[in-house]
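Before any comments, here is the structure.
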Amino acid sequence: MDVITDVKRERGKFRITVNGSETILVPLALFRERPLEEGAPIDLEAYDQWLMVRQYRFALDRAVAALAARPCSRKEIEDKLKRIGYRPCTIEMVLYKLEREHLLDDGDFARQWVAARARHGLGRQRIAQELKQKGITADEAEEALADMDEEEQIHQAALLAEKALRRAKAGEEPRKTAARILAMLSRRGFGYGIAKEALERAREELTGK
């Protein structure tokens with residue numbers, strides 16, 4: 001049997017520590033319905049089930065509101081609910097419901113993310129890193145990235161390179177300017193081949209050759 005080792009009241013909720021490590025955040029109303037005391041034993045699995053029945057609808061509403069504001073990955077919704085303090089079993093039930101109702105789809109999210117970030121002038125490598133951070137699997141990321149058009153990537157990179165050339169300091173050595181612009185494009189996720197081609201096009205656009 002687990003043991004409650006600490007009970008602290010915070011704004012609108014109680015922070016319950018079990019076995020000196022695991023933390024449960026319990027809304028004030030639910031704590032009043034089923035008070036917990038420091039030193040008392042607790043059946044954590046049974047308490048989780050009791051919480052889930054009461055918190056599920058609120059957690060689901062939070063998740064749906066987040067998805068209504070903007071597309072989210074599964075990991076983003078999971079992390080958001082964890083930060084609020086919902087228990088793992090409640091979170092899993094919400095994620096299952098959202099996926100079953102086709103409101104949460106990492107493959108679709110990845111495609112939307114790739115399209116949006118490409119429009120903002122980011123390259124394939126940078127976008128791939130962002131997808132990984134958002135919990136998208138390698139297969140789903142690769143499928144979404146496959147839709148990226150190389151010619152469009154070069155076009156976007158060339159626009160950035162042209163702006164950088166226009167801002168270049170007078171008298172700056174051309175090789176130094178080129179290295180600086182290629183480094184900038186690399187930071188934005190463009191591969192060397194695309195960055196080099198983009199720089200050449202930008203130079204041609206400015207010189208008219």
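Chains: A, B, ... in order of the structure tokens. Residues: from 1 per chain. Ligands: from 1, in order shown.
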Q. DSSP on the backbone: what in segment 43-190 of chain A comes out helix (DSSP H, G or I), as an MDAnalysis selection string?
A. chainID A and resid 44:69 74:84 88:100 106:119 124:133 138:145 150:167 174:187
Q: Determine, counting only C-alpha atoms, which protein, DNA and RNA residues have an atom within 8 Å of an atom of segment 147-156 of chain A; residues of the same chain fewer than 6 positions away are not included. Present the result as a list of chain:residue names.
A: A:Val114, A:Ala115, A:Ala118, A:Arg119, A:Gly121, A:Gly123, A:Arg124, A:Phe190, A:Ile194, A:Ala195, A:Glu197, A:Ala198
Q. Out of chain A, which residues get strand (DSSP E or B) from DSSP, as a ChimeraX atom specification?
A. /A:2-10,13-18,22-27,41-42
Q: Could you tell me how far atom CA of Glu99 of chain A lies from atom CA of Arg74 of chain A, in Å and to one decimal?
A: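 So the answer is 8.9 Å.
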Q. For Ala157 of chain A, which residue among A:Ile127, A:Ala202, A:Ala63, A:Leu30 is the nearest when counting only C-alpha atoms?
A. A:Ala202
Which polymer residues have any atom within 12 Å of an atom of segment 44-55 of chain A, counting only C-alpha atoms, with same-chain residues fewer than 2 positions away left out, as a compact mmCIF listing (two decimals) with N, CA, C and O atoms, in the first residue's frame?
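That gives us out_0.txt:
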```txt
# COMPACT_ATOMS: atom_id res chain seq x y z
N MET A 1 0.85 -1.20 0.00
CA MET A 1 0.00 0.00 0.00
C MET A 1 0.88 1.25 0.00
O MET A 1 1.86 1.33 0.75
N ASP A 2 0.56 2.22 -0.84
CA ASP A 2 1.31 3.47 -0.89
C ASP A 2 0.93 4.36 0.31
O ASP A 2 -0.12 4.19 0.92
N VAL A 3 1.80 5.32 0.60
CA VAL A 3 1.60 6.20 1.75
C VAL A 3 1.70 7.66 1.31
O VAL A 3 2.59 8.04 0.54
N ILE A 4 0.78 8.49 1.81
CA ILE A 4 0.81 9.92 1.55
C ILE A 4 1.87 10.54 2.45
O ILE A 4 1.79 10.44 3.68
N ILE A 16 -0.47 16.60 -3.56
CA ILE A 16 -0.32 15.40 -2.73
C ILE A 16 0.93 14.64 -3.16
O ILE A 16 1.07 14.31 -4.34
N THR A 17 1.82 14.38 -2.23
CA THR A 17 3.02 13.60 -2.52
C THR A 17 2.86 12.20 -1.95
O THR A 17 2.47 12.04 -0.79
N VAL A 18 3.12 11.21 -2.79
CA VAL A 18 2.97 9.81 -2.40
C VAL A 18 4.35 9.15 -2.40
O VAL A 18 5.12 9.29 -3.36
N ASN A 19 4.66 8.46 -1.31
CA ASN A 19 5.94 7.75 -1.17
C ASN A 19 7.14 8.68 -1.32
O ASN A 19 8.22 8.25 -1.75
N GLU A 22 6.17 10.68 -5.94
CA GLU A 22 5.11 10.90 -6.93
C GLU A 22 4.14 11.97 -6.45
O GLU A 22 3.70 11.97 -5.30
N THR A 23 3.80 12.89 -7.37
CA THR A 23 2.95 14.02 -7.03
C THR A 23 1.60 13.93 -7.74
O THR A 23 1.53 13.61 -8.92
N ILE A 24 0.54 14.24 -7.00
CA ILE A 24 -0.80 14.30 -7.55
C ILE A 24 -1.36 15.69 -7.28
O ILE A 24 -1.31 16.17 -6.13
N LEU A 25 -1.86 16.35 -8.30
CA LEU A 25 -2.52 17.64 -8.13
C LEU A 25 -4.02 17.41 -8.12
O LEU A 25 -4.58 16.89 -9.08
N VAL A 26 -4.66 17.79 -7.02
CA VAL A 26 -6.09 17.53 -6.84
C VAL A 26 -6.84 18.85 -6.69
O VAL A 26 -6.52 19.64 -5.80
N PRO A 27 -7.81 19.13 -7.56
CA PRO A 27 -8.61 20.35 -7.42
C PRO A 27 -9.26 20.44 -6.04
O PRO A 27 -9.59 19.41 -5.44
N ALA A 29 -12.20 21.27 -5.01
CA ALA A 29 -13.53 20.66 -4.88
C ALA A 29 -13.44 19.15 -4.71
O ALA A 29 -14.17 18.55 -3.90
N LEU A 30 -12.53 18.50 -5.47
CA LEU A 30 -12.39 17.05 -5.36
C LEU A 30 -11.69 16.66 -4.05
O LEU A 30 -11.99 15.61 -3.48
N PHE A 31 -10.78 17.49 -3.59
CA PHE A 31 -10.12 17.20 -2.30
C PHE A 31 -11.14 17.23 -1.17
O PHE A 31 -11.10 16.41 -0.25
N GLU A 33 -14.22 16.58 -1.49
CA GLU A 33 -15.10 15.40 -1.63
C GLU A 33 -14.44 14.16 -1.05
O GLU A 33 -15.12 13.29 -0.48
N ARG A 34 -13.12 14.08 -1.18
CA ARG A 34 -12.41 12.92 -0.66
C ARG A 34 -11.08 13.39 -0.05
O ARG A 34 -10.03 13.31 -0.69
N PRO A 35 -11.09 13.91 1.18
CA PRO A 35 -9.89 14.47 1.81
C PRO A 35 -8.79 13.42 1.98
O PRO A 35 -9.06 12.23 2.17
N LEU A 36 -7.55 13.89 1.91
CA LEU A 36 -6.39 13.03 2.11
C LEU A 36 -5.53 13.65 3.20
O LEU A 36 -5.43 14.87 3.32
N ALA A 40 -1.36 8.92 5.82
CA ALA A 40 -2.42 7.93 5.59
C ALA A 40 -2.05 7.03 4.41
O ALA A 40 -1.40 7.47 3.46
N PRO A 41 -2.48 5.78 4.44
CA PRO A 41 -2.24 4.89 3.29
C PRO A 41 -3.18 5.28 2.15
O PRO A 41 -4.23 5.89 2.36
N ILE A 42 -2.78 4.93 0.94
CA ILE A 42 -3.61 5.24 -0.22
C ILE A 42 -3.42 4.15 -1.27
O ILE A 42 -2.29 3.72 -1.54
N ARG A 57 -13.77 14.69 -18.24
CA ARG A 57 -14.47 15.67 -19.07
C ARG A 57 -13.74 17.01 -19.09
O ARG A 57 -13.63 17.65 -20.13
N PHE A 58 -13.21 17.42 -17.94
CA PHE A 58 -12.48 18.69 -17.88
C PHE A 58 -11.18 18.61 -18.69
O PHE A 58 -10.82 19.55 -19.40
N ALA A 59 -10.49 17.49 -18.58
CA ALA A 59 -9.26 17.30 -19.33
C ALA A 59 -9.54 17.27 -20.83
O ALA A 59 -8.79 17.85 -21.64
N LEU A 60 -10.62 16.61 -21.21
CA LEU A 60 -10.98 16.54 -22.63
C LEU A 60 -11.31 17.94 -23.17
O LEU A 60 -10.88 18.31 -24.27
N ASP A 61 -12.03 18.72 -22.38
CA ASP A 61 -12.37 20.08 -22.81
C ASP A 61 -11.11 20.92 -22.99
O ASP A 61 -11.02 21.72 -23.93
N ARG A 62 -10.14 20.76 -22.09
CA ARG A 62 -8.87 21.50 -22.21
C ARG A 62 -8.16 21.12 -23.51
O ARG A 62 -7.62 21.98 -24.21
N LEU A 81 -1.51 18.63 -20.73
CA LEU A 81 -2.33 18.05 -19.68
C LEU A 81 -1.49 17.66 -18.45
O LEU A 81 -1.95 17.78 -17.32
N ILE A 84 -0.84 20.77 -16.40
CA ILE A 84 -2.02 21.16 -15.63
C ILE A 84 -2.13 20.31 -14.37
O ILE A 84 -2.59 20.79 -13.32
N GLY A 85 -1.70 19.05 -14.48
CA GLY A 85 -1.72 18.18 -13.31
C GLY A 85 -2.61 16.95 -13.43
O GLY A 85 -2.83 16.26 -12.44
N TYR A 86 -3.11 16.66 -14.63
CA TYR A 86 -3.95 15.48 -14.80
C TYR A 86 -3.10 14.22 -14.70
O TYR A 86 -1.93 14.19 -15.08
N ARG A 87 -3.71 13.17 -14.18
CA ARG A 87 -3.02 11.91 -13.96
C ARG A 87 -2.83 11.17 -15.29
O ARG A 87 -3.58 11.37 -16.24
N PRO A 88 -1.79 10.30 -15.36
CA PRO A 88 -1.50 9.59 -16.61
C PRO A 88 -2.68 8.82 -17.17
O PRO A 88 -2.89 8.81 -18.39
N CYS A 89 -3.46 8.17 -16.32
CA CYS A 89 -4.59 7.38 -16.82
C CYS A 89 -5.66 8.30 -17.44
O CYS A 89 -6.29 7.94 -18.45
N THR A 90 -5.86 9.48 -16.86
CA THR A 90 -6.80 10.44 -17.42
C THR A 90 -6.31 10.94 -18.77
O THR A 90 -7.07 11.03 -19.74
N ILE A 91 -5.03 11.24 -18.85
CA ILE A 91 -4.44 11.74 -20.09
C ILE A 91 -4.55 10.70 -21.20
O ILE A 91 -4.90 11.01 -22.34
N GLU A 92 -4.25 9.45 -20.87
CA GLU A 92 -4.34 8.39 -21.87
C GLU A 92 -5.76 8.23 -22.39
O GLU A 92 -5.97 8.01 -23.59
N MET A 93 -6.74 8.35 -21.51
CA MET A 93 -8.13 8.24 -21.93
C MET A 93 -8.50 9.39 -22.87
O MET A 93 -9.20 9.19 -23.88
N VAL A 94 -8.03 10.60 -22.56
CA VAL A 94 -8.31 11.76 -23.43
C VAL A 94 -7.66 11.57 -24.79
O VAL A 94 -8.29 11.81 -25.83
```
Q. From the set A:Arg175, A:Lys169, A:Lys134, A:Arg70, which residue has the shortest atom-to-atom contact distance to Asp106 of chain A, counting only C-alpha atoms?
A. A:Lys134
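Minimum atom-to-atom distance to Lys97 of chain A, evaluated using only C-alpha atoms, belongs to A:Val64 out of A:Ile181, A:Val64, A:Glu143, A:Ala158.
Coordinates place atom CA of Arg117 of chain A at a distance of 19.6 Å from atom CA of Leu104 of chain A.
Ranking A:Asp79, A:Asp108, A:Asp43, A:Asp6 by their shortest atom-to-atom distance to Ala141 of chain A, with only C-alpha atoms included, puts A:Asp108 first.
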Q. What is the distance, in Å and to one decimal place, between atom CA of Phe14 of chain A and atom CA of Tyr56 of chain A?
A.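 That distance, rounded to one decimal, is 18.1 Å.
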Q: Kindly indicate which residue among A:Gly107, A:Pro71, A:Gly191, A:Gly135 lies nearest to Leu122 of chain A, using only C-alpha atoms for the distances.
A: A:Gly191
